[in-house]
file query37.txt (compact mmCIF, C-alpha atoms)
# COMPACT_ATOMS: atom_id res chain seq x y z
CA MET A 1 13.77 -17.21 -27.39
CA LYS A 2 14.39 -19.98 -24.87
CA ASN A 3 13.49 -19.84 -21.21
CA SER A 4 16.78 -18.72 -19.64
CA ILE A 5 18.09 -16.73 -16.69
CA GLU A 6 20.32 -14.86 -19.16
CA ASN A 7 17.15 -13.13 -20.39
CA LEU A 8 17.12 -11.13 -17.14
CA TYR A 9 19.37 -8.66 -18.96
CA GLN A 10 17.26 -8.60 -22.12
CA LEU A 11 14.06 -6.62 -22.62
CA ASP A 12 12.19 -9.63 -24.01
CA GLY A 13 12.31 -13.36 -23.37
CA ARG A 14 11.10 -15.65 -20.60
CA VAL A 15 12.93 -16.29 -17.34
CA PRO A 16 12.26 -19.34 -15.12
CA LEU A 17 9.60 -18.31 -12.61
CA GLY A 18 11.73 -19.35 -9.63
CA LYS A 19 14.47 -17.00 -10.82
CA ALA A 20 12.17 -14.22 -12.00
CA LEU A 21 10.35 -13.99 -8.65
CA PRO A 22 13.20 -12.68 -6.46
CA PHE A 23 14.38 -10.23 -9.11
CA GLY A 24 10.82 -9.03 -9.65
CA LEU A 25 10.35 -8.64 -5.90
CA GLN A 26 13.54 -6.58 -5.83
CA HIS A 27 11.88 -3.96 -8.02
CA VAL A 28 8.71 -4.05 -5.89
CA LEU A 29 10.62 -3.65 -2.62
CA ALA A 30 12.63 -0.74 -4.04
CA MET A 31 9.42 1.27 -4.54
CA PHE A 32 7.05 -0.28 -1.99
CA VAL A 33 7.45 2.31 0.77
CA SER A 34 7.39 5.21 -1.70
CA ASN A 35 4.19 3.84 -3.24
CA ILE A 36 2.14 3.69 -0.05
CA THR A 37 3.56 6.75 1.74
CA PRO A 38 1.70 9.49 -0.22
CA ILE A 39 -1.66 7.85 0.47
CA MET A 40 -0.85 7.40 4.16
CA ILE A 41 0.30 11.02 4.55
CA LEU A 42 -2.77 12.29 2.68
CA ALA A 43 -5.14 10.16 4.78
CA ALA A 44 -3.54 11.40 8.01
CA ALA A 45 -3.57 15.05 6.90
CA VAL A 46 -7.23 14.95 5.83
CA GLY A 47 -8.33 12.97 8.89
CA LEU A 48 -9.65 9.80 7.25
CA ASP A 49 -10.45 6.95 9.62
CA SER A 50 -8.21 3.89 9.80
CA ALA A 51 -10.60 1.61 7.88
CA VAL A 52 -10.72 3.98 4.89
CA SER A 53 -6.97 4.53 5.07
CA ALA A 54 -6.35 0.77 5.01
CA ALA A 55 -8.66 0.37 2.00
CA LEU A 56 -6.82 3.14 0.13
CA VAL A 57 -3.44 1.53 0.85
CA GLN A 58 -4.86 -1.75 -0.46
CA ASN A 59 -6.13 0.04 -3.59
CA CYS A 60 -2.85 1.83 -4.29
CA MET A 61 -0.97 -1.49 -4.24
CA VAL A 62 -3.35 -2.87 -6.87
CA ILE A 63 -3.15 0.28 -9.01
CA ALA A 64 0.66 0.29 -8.93
CA GLY A 65 0.68 -3.30 -10.15
CA ILE A 66 -1.83 -2.58 -12.92
CA GLY A 67 0.05 0.53 -14.06
CA THR A 68 3.34 -1.37 -14.20
CA LEU A 69 1.79 -4.19 -16.24
CA VAL A 70 0.33 -1.68 -18.71
CA GLN A 71 3.74 -0.05 -19.15
CA LEU A 72 5.35 -3.44 -19.71
CA PHE A 73 2.64 -4.93 -21.93
CA PRO A 74 0.87 -2.04 -23.70
CA VAL A 75 -2.83 -1.83 -24.47
CA TRP A 76 -3.05 -0.11 -27.90
CA ARG A 77 -0.87 3.01 -27.56
CA VAL A 78 -1.09 3.08 -23.76
CA GLY A 79 2.19 1.78 -22.34
CA SER A 80 5.79 2.15 -23.46
CA ARG A 81 6.85 -1.54 -23.55
CA LEU A 82 9.78 -0.48 -21.36
CA PRO A 83 10.75 -1.79 -17.88
CA ILE A 84 9.14 1.15 -16.08
CA VAL A 85 7.69 0.59 -12.61
CA MET A 86 4.66 2.73 -11.72
CA GLY A 87 3.42 3.87 -8.33
CA ILE A 88 1.54 6.62 -6.48
CA SER A 89 3.20 9.96 -7.15
CA PHE A 90 4.62 12.30 -4.50
CA THR A 91 4.33 15.16 -7.00
CA PHE A 92 0.63 15.68 -6.27
CA LEU A 93 0.85 15.29 -2.51
CA SER A 94 0.98 18.91 -1.34
CA LEU A 95 -1.75 19.97 -3.77
CA ALA A 96 -3.89 16.92 -2.91
CA ILE A 97 -3.74 17.76 0.79
CA GLY A 98 -4.79 21.33 0.03
CA ILE A 99 -7.74 20.37 -2.21
CA ALA A 100 -8.98 17.51 0.00
CA GLY A 101 -8.63 19.63 3.12
CA THR A 102 -10.59 22.52 1.61
CA TYR A 103 -13.18 20.87 -0.63
CA GLY A 104 -13.17 17.20 0.41
CA MET A 105 -11.89 13.96 -1.07
CA GLY A 106 -14.68 13.84 -3.66
CA THR A 107 -13.44 17.05 -5.29
CA LEU A 108 -9.87 15.77 -5.29
CA ILE A 109 -10.90 12.48 -6.92
CA GLY A 110 -12.95 14.28 -9.58
CA ALA A 111 -9.92 16.40 -10.47
CA VAL A 112 -7.66 13.32 -10.56
CA ILE A 113 -9.98 11.54 -13.01
CA ILE A 114 -10.37 14.49 -15.41
CA GLY A 115 -6.71 15.48 -15.19
CA GLY A 116 -5.61 11.93 -16.00
CA LEU A 117 -7.68 11.94 -19.16
CA VAL A 118 -6.05 15.23 -20.18
CA GLU A 119 -2.53 13.87 -19.64
CA GLY A 120 -3.40 10.66 -21.49
CA LEU A 121 -4.60 12.63 -24.51
CA LEU A 122 -1.46 14.76 -24.40
CA GLY A 123 0.59 11.57 -24.59
CA LEU A 124 -1.17 10.61 -27.83
CA PHE A 125 -0.01 13.89 -29.41
CA VAL A 126 3.42 14.15 -27.76
CA LYS A 127 5.30 14.93 -30.99
CA TYR A 128 3.49 18.27 -31.28
CA TRP A 129 4.52 19.68 -27.89
CA ILE A 130 7.58 17.79 -26.62
CA LYS A 131 9.92 20.60 -27.75
CA LEU A 132 8.22 22.98 -25.27
CA ILE A 133 9.82 21.08 -22.39
CA PRO A 134 13.59 20.98 -22.86
CA HIS A 135 15.92 19.62 -20.22
CA VAL A 136 16.31 22.90 -18.37
CA VAL A 137 12.54 23.18 -17.84
CA SER A 138 12.32 19.60 -16.55
CA ALA A 139 15.26 20.22 -14.21
CA THR A 140 13.67 23.38 -12.80
CA VAL A 141 10.35 21.62 -12.19
CA VAL A 142 11.94 18.62 -10.48
CA THR A 143 13.87 20.97 -8.18
CA ALA A 144 10.65 22.82 -7.31
CA ILE A 145 8.96 19.52 -6.51
CA GLY A 146 11.76 18.68 -4.08
CA PHE A 147 11.41 22.03 -2.31
CA SER A 148 7.61 21.74 -2.13
CA LEU A 149 7.78 18.35 -0.42
CA LEU A 150 10.23 19.32 2.33
CA PRO A 151 7.58 20.87 4.65
CA ILE A 152 5.43 17.75 4.24
CA GLY A 153 8.33 15.55 5.35
CA ALA A 154 9.04 17.85 8.29
CA ASN A 155 5.41 17.78 9.47
CA SER A 156 5.37 13.98 9.32
CA PHE A 157 8.68 13.84 11.20
CA ALA A 158 7.08 15.86 14.03
CA GLY A 159 4.08 13.53 14.25
CA GLY A 160 1.72 14.69 11.51
CA MET A 161 -0.01 18.02 10.99
CA GLY A 162 -2.60 18.62 13.73
CA ALA A 163 -1.45 15.70 15.88
CA PRO A 164 -1.87 16.29 19.64
CA ASP A 165 1.72 15.17 20.23
CA PHE A 166 3.15 17.23 17.36
CA GLY A 167 6.82 17.93 17.98
CA SER A 168 6.96 15.75 21.10
CA MET A 169 10.14 14.13 22.36
CA SER A 170 8.92 10.67 21.35
CA ASN A 171 8.34 11.81 17.75
CA TRP A 172 11.76 13.43 17.66
CA ILE A 173 13.41 10.22 18.89
CA VAL A 174 11.56 7.89 16.50
CA GLY A 175 11.98 10.22 13.51
CA SER A 176 15.69 10.72 14.20
CA VAL A 177 16.43 7.01 14.67
CA THR A 178 14.53 6.19 11.47
CA LEU A 179 16.46 8.82 9.54
CA LEU A 180 19.77 7.62 11.00
CA ALA A 181 19.00 4.02 10.01
CA CYS A 182 18.24 5.14 6.44
CA LEU A 183 21.47 7.13 6.33
CA LEU A 184 23.69 4.36 7.71
CA CYS A 185 22.24 1.83 5.27
CA GLN A 186 22.72 4.23 2.38
CA VAL A 187 26.34 4.93 3.34
CA PHE A 188 27.62 1.53 4.47
CA ALA A 189 25.42 -1.09 2.78
CA LYS A 190 26.36 -2.45 -0.62
CA GLY A 191 24.52 -3.66 -3.70
CA PHE A 192 20.85 -4.49 -3.39
CA LEU A 193 20.63 -3.68 0.33
CA ARG A 194 21.59 -0.06 -0.35
CA SER A 195 18.56 0.35 -2.62
CA LEU A 196 16.42 -0.80 0.32
CA SER A 197 17.75 1.85 2.72
CA VAL A 198 14.31 3.47 3.08
CA LEU A 199 12.69 0.11 3.87
CA VAL A 200 15.42 -0.67 6.41
CA GLY A 201 14.85 2.68 8.11
CA LEU A 202 11.10 2.08 8.18
CA VAL A 203 11.53 -1.33 9.85
CA VAL A 204 13.95 0.03 12.45
CA GLY A 205 11.71 3.02 13.21
CA TYR A 206 8.59 0.88 13.40
CA VAL A 207 10.14 -1.59 15.84
CA LEU A 208 11.31 1.29 18.04
CA ALA A 209 7.83 2.89 17.91
CA CYS A 210 6.30 -0.43 19.00
CA PHE A 211 8.58 -0.59 22.05
CA MET A 212 7.69 3.04 22.87
CA GLY A 213 3.95 2.28 22.73
CA MET A 214 3.31 4.55 19.74
CA VAL A 215 1.66 1.92 17.51
CA ASN A 216 -2.09 1.31 17.65
CA PHE A 217 -3.16 -2.13 16.39
CA ASP A 218 -6.93 -1.59 16.75
CA SER A 219 -7.37 -1.34 12.95
CA LEU A 220 -6.21 -4.96 12.55
CA SER A 221 -9.18 -6.43 14.40
CA GLY A 222 -12.09 -7.70 12.33
CA GLN A 223 -10.26 -7.64 9.01
CA SER A 224 -11.31 -10.21 6.42
CA ILE A 225 -8.65 -12.45 4.94
CA ILE A 226 -9.34 -11.56 1.31
CA ALA A 227 -11.30 -8.64 -0.14
CA LEU A 228 -11.43 -7.07 -3.58
CA PRO A 229 -10.32 -3.44 -3.89
CA ARG A 230 -13.12 -0.98 -3.20
CA LEU A 231 -14.30 0.95 -6.27
CA LEU A 232 -15.37 4.61 -5.82
CA PRO A 233 -14.81 4.95 -2.05
CA PHE A 234 -15.56 8.66 -2.59
CA THR A 235 -18.21 10.13 -4.89
CA PRO A 236 -16.39 12.29 -7.49
CA GLU A 237 -17.24 15.99 -7.52
CA PHE A 238 -16.04 18.41 -10.17
CA ASN A 239 -14.67 21.83 -9.27
CA ILE A 240 -13.15 23.76 -12.19
CA GLY A 241 -10.48 25.41 -10.03
CA ALA A 242 -9.38 22.12 -8.52
CA ILE A 243 -9.36 20.47 -11.96
CA LEU A 244 -7.18 23.17 -13.51
CA SER A 245 -4.81 23.04 -10.57
CA VAL A 246 -4.43 19.27 -10.82
CA VAL A 247 -4.05 19.43 -14.62
CA ALA A 248 -1.15 21.84 -14.14
CA VAL A 249 0.60 19.29 -11.92
CA TYR A 250 -0.22 16.51 -14.40
CA LEU A 251 1.85 18.47 -16.91
CA VAL A 252 4.67 18.44 -14.38
CA SER A 253 4.22 14.70 -13.92
CA ALA A 254 4.49 14.27 -17.68
CA THR A 255 7.87 16.01 -17.63
CA GLU A 256 9.02 13.64 -14.86
CA THR A 257 7.93 10.65 -16.91
CA ILE A 258 9.84 11.99 -19.91
CA GLY A 259 12.92 12.34 -17.69
CA ASP A 260 12.58 8.83 -16.24
CA THR A 261 12.03 7.31 -19.69
CA SER A 262 15.12 9.06 -21.02
CA ALA A 263 17.20 8.04 -18.01
CA LEU A 264 16.10 4.41 -18.26
CA CYS A 265 16.85 4.11 -21.96
CA ASN A 266 20.23 5.81 -21.66
CA SER A 267 21.45 4.05 -18.52
CA ALA A 268 19.92 0.56 -18.68
CA LEU A 269 19.18 0.01 -22.39
CA LYS A 270 22.16 2.05 -23.68
CA ARG A 271 20.17 3.99 -26.26
CA ASP A 272 18.10 7.14 -26.62
CA PRO A 273 14.33 6.89 -26.14
CA GLU A 274 11.99 7.14 -29.10
CA THR A 275 9.38 9.90 -29.16
CA LYS A 276 6.71 7.20 -29.49
CA GLU A 277 7.95 5.50 -26.33
CA MET A 278 7.82 8.74 -24.34
CA GLY A 279 4.30 9.47 -25.60
CA SER A 280 3.11 5.97 -24.75
CA ALA A 281 4.64 6.21 -21.26
CA ILE A 282 2.76 9.49 -20.70
CA CYS A 283 -0.46 7.88 -21.96
CA CYS A 284 -0.10 5.18 -19.33
CA ASP A 285 0.71 7.82 -16.71
CA GLY A 286 -2.50 9.69 -17.49
CA PHE A 287 -5.12 7.08 -18.31
CA VAL A 288 -4.14 4.72 -15.48
CA SER A 289 -4.15 7.72 -13.12
CA SER A 290 -7.81 8.21 -14.01
CA VAL A 291 -8.40 4.57 -13.06
CA SER A 292 -6.49 5.28 -9.84
CA GLY A 293 -8.97 8.06 -9.11
CA LEU A 294 -11.86 5.62 -9.49
CA PHE A 295 -10.27 3.63 -6.66
CA GLY A 296 -9.92 6.73 -4.45
CA CYS A 297 -6.18 7.11 -4.99
CA THR A 298 -4.07 10.00 -6.23
CA PRO A 299 -2.26 9.81 -9.61
CA ILE A 300 0.50 7.36 -10.43
CA THR A 301 3.78 8.01 -12.19
CA SER A 302 7.06 6.33 -13.09
CA PHE A 303 9.41 5.68 -10.17
CA SER A 304 12.92 7.06 -10.43
CA GLN A 305 14.35 4.66 -7.84
CA ASN A 306 13.48 1.74 -10.10
CA VAL A 307 15.23 3.46 -12.99
CA GLY A 308 18.33 3.59 -10.81
CA LEU A 309 17.90 -0.05 -9.78
CA ALA A 310 17.64 -1.12 -13.43
CA ALA A 311 20.82 0.78 -14.22
CA ILE A 312 22.72 -0.76 -11.30
CA SER A 313 21.50 -4.35 -11.59
CA GLY A 314 21.07 -4.52 -15.37
CA VAL A 315 17.74 -6.37 -14.90
CA VAL A 316 15.39 -5.01 -17.57
CA ASN A 317 13.38 -8.10 -18.51
CA ARG A 318 9.69 -7.27 -18.91
CA PHE A 319 8.49 -10.70 -17.80
CA THR A 320 10.57 -10.55 -14.62
CA ILE A 321 9.36 -7.10 -13.61
CA GLY A 322 5.84 -8.15 -14.55
CA VAL A 323 6.08 -10.99 -12.01
CA GLY A 324 6.82 -8.38 -9.35
CA ALA A 325 3.79 -6.34 -10.48
CA VAL A 326 1.54 -9.39 -10.14
CA VAL A 327 2.85 -9.94 -6.60
CA MET A 328 1.93 -6.32 -5.81
CA ILE A 329 -1.63 -6.89 -7.05
CA ILE A 330 -1.99 -10.11 -5.07
CA GLY A 331 -0.79 -8.31 -1.94
CA GLY A 332 -3.47 -5.69 -2.50
CA VAL A 333 -6.34 -8.17 -2.14
CA PHE A 334 -5.37 -9.05 1.44
CA PRO A 335 -6.89 -6.25 3.60
CA VAL A 336 -4.81 -7.13 6.64
CA ILE A 337 -1.71 -5.95 4.74
CA GLY A 338 -3.21 -2.51 4.13
CA ALA A 339 -4.45 -2.30 7.73
CA ALA A 340 -1.03 -3.24 9.09
CA LEU A 341 0.67 -0.58 7.00
CA THR A 342 -1.64 2.14 8.36
CA THR A 343 -0.30 1.48 11.85
CA ILE A 344 3.07 2.99 10.89
CA PRO A 345 3.44 6.23 12.93
CA GLN A 346 3.85 9.50 11.07
CA ALA A 347 7.24 10.11 12.70
CA VAL A 348 8.55 6.92 11.09
CA LEU A 349 7.29 7.99 7.68
CA GLY A 350 8.78 11.43 8.22
CA GLY A 351 12.18 9.97 9.06
CA CYS A 352 12.10 7.98 5.82
CA THR A 353 10.75 10.71 3.56
CA ILE A 354 13.08 13.52 4.66
CA MET A 355 15.95 11.77 2.91
CA MET A 356 13.73 10.68 0.02
CA PHE A 357 12.52 14.22 -0.66
CA GLY A 358 16.08 15.51 -0.46
CA SER A 359 17.07 13.03 -3.14
CA ILE A 360 14.51 14.63 -5.46
CA LEU A 361 16.26 17.97 -4.96
CA PHE A 362 19.58 16.32 -5.73
CA ALA A 363 18.12 14.81 -8.91
CA GLY A 364 16.99 18.28 -9.96
CA PHE A 365 20.47 19.68 -9.41
CA GLY A 366 21.95 16.84 -11.47
CA MET A 367 19.54 17.56 -14.30
CA MET A 368 20.55 21.23 -14.19
CA SER A 369 24.20 20.34 -14.54
CA ARG A 370 23.42 18.24 -17.62
CA ALA A 371 21.40 21.10 -19.08
CA GLY A 372 24.38 23.42 -18.62
CA PHE A 373 24.91 26.68 -16.74
CA SER A 374 24.56 29.14 -19.59
CA GLN A 375 23.25 32.67 -18.95
CA ARG A 376 19.93 31.74 -20.54
CA ASN A 377 19.50 28.68 -18.34
CA MET A 378 20.50 30.70 -15.29
CA VAL A 379 17.70 33.20 -15.98
CA ILE A 380 15.11 30.45 -16.53
CA VAL A 381 16.04 28.53 -13.39
CA SER A 382 16.64 31.43 -11.02
CA LEU A 383 13.59 33.49 -11.98
CA SER A 384 11.21 30.51 -12.11
CA LEU A 385 12.30 29.23 -8.70
CA SER A 386 12.42 32.69 -7.12
CA VAL A 387 8.89 33.59 -8.21
CA GLY A 388 7.41 30.13 -7.77
CA LEU A 389 8.84 29.42 -4.32
CA GLY A 390 8.75 33.01 -3.08
CA PHE A 391 5.31 34.17 -4.17
CA THR A 392 3.56 31.03 -2.95
CA GLN A 393 4.99 31.61 0.54
CA ALA A 394 3.14 34.96 0.58
CA THR A 395 -0.27 33.71 -0.51
CA GLY A 396 -1.99 36.97 0.39
CA MET A 397 -0.48 38.65 -2.67
CA PHE A 398 -2.80 36.55 -4.85
CA ALA A 399 -5.90 38.11 -3.25
CA ILE A 400 -6.49 40.48 -6.20
CA PHE A 401 -6.94 37.54 -8.62
CA PRO A 402 -10.11 35.49 -9.28
CA GLU A 403 -10.68 32.38 -7.18
CA ILE A 404 -9.73 30.04 -10.01
CA VAL A 405 -6.27 31.66 -10.25
CA ARG A 406 -5.81 31.47 -6.48
CA THR A 407 -6.79 27.80 -6.49
CA VAL A 408 -4.30 26.92 -9.21
CA PHE A 409 -1.33 29.06 -8.18
CA ALA A 410 -1.58 30.62 -4.70
CA GLU A 411 -0.21 27.62 -2.78
CA ASN A 412 1.12 25.49 -5.65
CA CYS A 413 4.72 26.48 -6.25
CA VAL A 414 5.24 23.65 -8.76
CA ALA A 415 2.51 24.97 -11.05
CA VAL A 416 3.95 28.52 -10.90
CA VAL A 417 7.50 27.29 -11.55
CA PHE A 418 6.39 25.09 -14.45
CA LEU A 419 4.36 27.83 -16.17
CA LEU A 420 7.05 30.48 -15.79
CA ALA A 421 9.84 28.14 -16.93
CA VAL A 422 7.91 27.23 -20.09
CA ILE A 423 7.13 30.88 -20.88
CA LEU A 424 10.74 31.99 -20.31
CA ASN A 425 12.04 29.17 -22.48
CA ILE A 426 9.77 30.35 -25.31
CA VAL A 427 10.41 34.11 -25.11
CA LEU A 428 14.10 34.32 -24.20
CA PRO A 429 16.59 34.50 -27.08
CA LYS A 430 18.24 31.19 -27.79
CA LYS A 431 21.64 32.85 -27.48
CA MET A 432 22.22 35.29 -24.63
CA VAL A 433 25.64 36.88 -24.39
CA ILE A 434 26.99 38.78 -21.39
CA GLU A 435 28.28 42.17 -22.53
call {"tool": "encode", "arguments": {"input": "query37.txt", "output": "structure tokens"}}
result
Amino acid sequence: MKNSIENLYQLDGRVPLGKALPFGLQHVLAMFVSNITPIMILAAAVGLDSAVSAALVQNCMVIAGIGTLVQLFPVWRVGSRLPIVMGISFTFLSLAIGIAGTYGMGTLIGAVIIGGLVEGLLGLFVKYWIKLIPHVVSATVVTAIGFSLLPIGANSFAGGMGAPDFGSMSNWIVGSVTLLACLLCQVFAKGFLRSLSVLVGLVVGYVLACFMGMVNFDSLSGQSIIALPRLLPFTPEFNIGAILSVVAVYLVSATETIGDTSALCNSALKRDPETKEMGSAICCDGFVSSVSGLFGCTPITSFSQNVGLAAISGVVNRFTIGVGAVVMIIGGVFPVIGAALTTIPQAVLGGCTIMMFGSILFAGFGMMSRAGFSQRNMVIVSLSLSVGLGFTQATGMFAIFPEIVRTVFAENCVAVVFLLAVILNIVLPKKMVIE
């Protein structure tokens, strides 16, 4: 197939590098803020120093690029050969903060590594279990994820959990202006700029924070120009409770990847996904997440905003998106970039993520509507969300259970919702009729 710009809208084929670069960067910019935000929120919540935080941001940029390249150009059965963009997952954020805050980053990283291997192996055998997760289960889980992230966004909006100026007027102003900028861009911008509404809000909020004296540039001093990503910044430790808890969320992440793969194939490629493609996408999700753990980062997953961008723009060329992934990796070897990103105040991140987390809720509602509002689905959704969201707000009620159960379920509403939704889907009659 000849080297042509027309190949932008084909899965395969080469595109002139000068044309591929801006379209590849478009996909990177659409997910850039979402990719680095979980690591920055985690680092702030756990109390990591700025040098370590900058190194982790640098690492997560490299891992996102590697994961995307593996999805585009598979290694054995790892990778779907679809235009899927990978990045650090928000799904694990609330659980990661809990584990790292209680047991330390080493325990979190150990659980990430083992859990990734489990998910990767599940992807190899996807045809044997895929029927356990129908659309209604995926929709319920995605909705629970949205609810679980809202308090995290609110804490960042107020300045970050434990911050001495938590809830101050300056944080309220910066967070509100950032959110307003995101909203205005989303409502009034058109085309490509609309997909960058989060980035626009971040820039506006950051500039305002600089004028208000809320940005500390001390971390930028003494940075080397180029440095390779740091391997094993934390020594992995293995706690069975933490591992089981993370594995439960890996199962949730697998359902998200299935949903993104289906959405991409249906909207951008105009066909249904193959079971093999979904399994290979999950393999990449899991095995590359284990590699992410080796670099001190939380798991990666497919990014829904890039699925939407592919559907809107029609750009699905693997080579083009691969160019963007390479740019992400190159950016990760310049430490000053990671250090600069860690200077973004929590209130700015909170203003961006409030809207982002709400969009996850909206996606869950949309998935529910596609699944249908039958009596059976109503029972699965309502009971799973009621128990999962309600019980985990009253964590003391788990006191009668062993520690391993408390670790997995007491404060992890997503794990409770996922388990209950799967069980209800299995035991409820396929046809439920109101008398």
call {"tool": "atom_distance", "arguments": {"input": "query37.txt", "atom1": "CA of Ala139 in chain A", "atom2": "CA of Ile113 in chain A"}}
result
26.7 Å
call {"tool": "closest_residue", "arguments": {"input": "query37.txt", "among": "A:Ile337, A:Ala421, A:Leu193, A:Leu149", "to": "Val381 in chain A", "atoms": "all atoms listed in the file"}}
result
A:Ala421
call {"tool": "residues_around", "arguments": {"input": "query37.txt", "residues": "range 126-130 of chain A", "least_positions_apart": "2", "cutoff": "12 Å", "atoms": "only C-alpha atoms", "output": "PyMOL selection string"}}
result
chain A and resi 77+119-124+132-135+137-138+251+254-255+258-259+274-283+422
call {"tool": "residues_around", "arguments": {"input": "query37.txt", "residues": "Met355 in chain A", "least_positions_apart": "2", "cutoff": "9 Å", "atoms": "only C-alpha atoms", "output": "list in words"}}
result
Gly153, Leu179, Cys182, Leu183, Val198, Gly350, Gly351, Cys352, Thr353, Phe357, Gly358, Ser359 and Ile360 of chain A
call {"tool": "residues_around", "arguments": {"input": "query37.txt", "residues": "Asn3 in chain A", "least_positions_apart": "6", "cutoff": "9 Å", "atoms": "only C-alpha atoms", "output": "list of chain:residue names"}}
result
A:Gly13, A:Arg14, A:Val15, A:Pro16
call {"tool": "residues_around", "arguments": {"input": "query37.txt", "residues": "Gln346 in chain A", "least_positions_apart": "3", "cutoff": "8 Å", "atoms": "all atoms listed in the file", "output": "PyMOL selection string"}}
result
chain A and resi 41+156-160+349-350
call {"tool": "closest_residue", "arguments": {"input": "query37.txt", "among": "A:Leu180, A:Ala96, A:Ala111, A:Val85", "to": "Ile152 in chain A", "atoms": "only C-alpha atoms"}}
result
A:Ala96
call {"tool": "atom_distance", "arguments": {"input": "query37.txt", "atom1": "CA of Leu309 in chain A", "atom2": "CA of Ala415 in chain A"}}
result
29.4 Å
call {"tool": "closest_residue", "arguments": {"input": "query37.txt", "among": "A:Thr140, A:Gln58, A:Gln186, A:Gln71", "to": "Met378 in chain A", "atoms": "only C-alpha atoms"}}
result
A:Thr140
call {"tool": "closest_residue", "arguments": {"input": "query37.txt", "among": "A:Pro345, A:Pro402, A:Pro429, A:Pro229", "to": "Arg376 in chain A", "atoms": "only C-alpha atoms"}}
result
A:Pro429
call {"tool": "closest_residue", "arguments": {"input": "query37.txt", "among": "A:Ala347, A:Ala263, A:Ile97, A:Leu383", "to": "Gly167 in chain A", "atoms": "all atoms listed in the file"}}
result
A:Ala347
call {"tool": "atom_distance", "arguments": {"input": "query37.txt", "atom1": "CA of Ile329 in chain A", "atom2": "CA of Gly65 in chain A"}}
result
5.3 Å
call {"tool": "residues_around", "arguments": {"input": "query37.txt", "residues": "Ile145 in chain A", "least_positions_apart": "3", "cutoff": "7 Å", "atoms": "all atoms listed in the file", "output": "PDB file with C-alpha atoms, keeping the file's coordinate frame"}}
result
ATOM      1  CA  THR A  91       4.330  15.160  -7.000  1.00  0.00           C
ATOM      2  CA  VAL A 141      10.350  21.620 -12.190  1.00  0.00           C
ATOM      3  CA  VAL A 142      11.940  18.620 -10.480  1.00  0.00           C
ATOM      4  CA  SER A 148       7.610  21.740  -2.130  1.00  0.00           C
ATOM      5  CA  LEU A 149       7.780  18.350  -0.420  1.00  0.00           C
ATOM      6  CA  VAL A 414       5.240  23.650  -8.760  1.00  0.00           C
TER       7      VAL A 414
END
call {"tool": "residues_near_point", "arguments": {"input": "query37.txt", "point": "(-4.0, -6.5, 0.1)", "cutoff": "9 Å", "atoms": "all atoms listed in the file", "output": "tab-separated table (two decimals) with C-alpha atoms, in the coordinates of the input"}}
result
chain	number	residue	atom	x	y	z
A	55	ALA	CA	-8.66	0.37	2.00
A	57	VAL	CA	-3.44	1.53	0.85
A	58	GLN	CA	-4.86	-1.75	-0.46
A	59	ASN	CA	-6.13	0.04	-3.59
A	61	MET	CA	-0.97	-1.49	-4.24
A	62	VAL	CA	-3.35	-2.87	-6.87
A	225	ILE	CA	-8.65	-12.45	4.94
A	226	ILE	CA	-9.34	-11.56	1.31
A	227	ALA	CA	-11.30	-8.64	-0.14
A	228	LEU	CA	-11.43	-7.07	-3.58
A	229	PRO	CA	-10.32	-3.44	-3.89
A	328	MET	CA	1.93	-6.32	-5.81
A	329	ILE	CA	-1.63	-6.89	-7.05
A	330	ILE	CA	-1.99	-10.11	-5.07
A	331	GLY	CA	-0.79	-8.31	-1.94
A	332	GLY	CA	-3.47	-5.69	-2.50
A	333	VAL	CA	-6.34	-8.17	-2.14
A	334	PHE	CA	-5.37	-9.05	1.44
A	335	PRO	CA	-6.89	-6.25	3.60
A	336	VAL	CA	-4.81	-7.13	6.64
A	337	ILE	CA	-1.71	-5.95	4.74
A	338	GLY	CA	-3.21	-2.51	4.13
A	339	ALA	CA	-4.45	-2.30	7.73
call {"tool": "closest_residue", "arguments": {"input": "query37.txt", "among": "A:Met161, A:Leu220, A:Leu424, A:Leu21", "to": "Ile380 in chain A", "atoms": "all atoms listed in the file"}}
result
A:Leu424
call {"tool": "residues_near_point", "arguments": {"input": "query37.txt", "point": "(0.2, 3.2, 11.5)", "cutoff": "9 Å", "atoms": "only C-alpha atoms", "output": "PDB file with C-alpha atoms, in the frame of the given file"}}
result
ATOM      1  CA  MET A  40      -0.850   7.400   4.160  1.00  0.00           C
ATOM      2  CA  SER A  50      -8.210   3.890   9.800  1.00  0.00           C
ATOM      3  CA  TYR A 206       8.590   0.880  13.400  1.00  0.00           C
ATOM      4  CA  MET A 214       3.310   4.550  19.740  1.00  0.00           C
ATOM      5  CA  VAL A 215       1.660   1.920  17.510  1.00  0.00           C
ATOM      6  CA  ASN A 216      -2.090   1.310  17.650  1.00  0.00           C
ATOM      7  CA  PHE A 217      -3.160  -2.130  16.390  1.00  0.00           C
ATOM      8  CA  SER A 219      -7.370  -1.340  12.950  1.00  0.00           C
ATOM      9  CA  ALA A 339      -4.450  -2.300   7.730  1.00  0.00           C
ATOM     10  CA  ALA A 340      -1.030  -3.240   9.090  1.00  0.00           C
ATOM     11  CA  LEU A 341       0.670  -0.580   7.000  1.00  0.00           C
ATOM     12  CA  THR A 342      -1.640   2.140   8.360  1.00  0.00           C
ATOM     13  CA  THR A 343      -0.300   1.480  11.850  1.00  0.00           C
ATOM     14  CA  ILE A 344       3.070   2.990  10.890  1.00  0.00           C
ATOM     15  CA  PRO A 345       3.440   6.230  12.930  1.00  0.00           C
ATOM     16  CA  GLN A 346       3.850   9.500  11.070  1.00  0.00           C
TER      17      GLN A 346
END
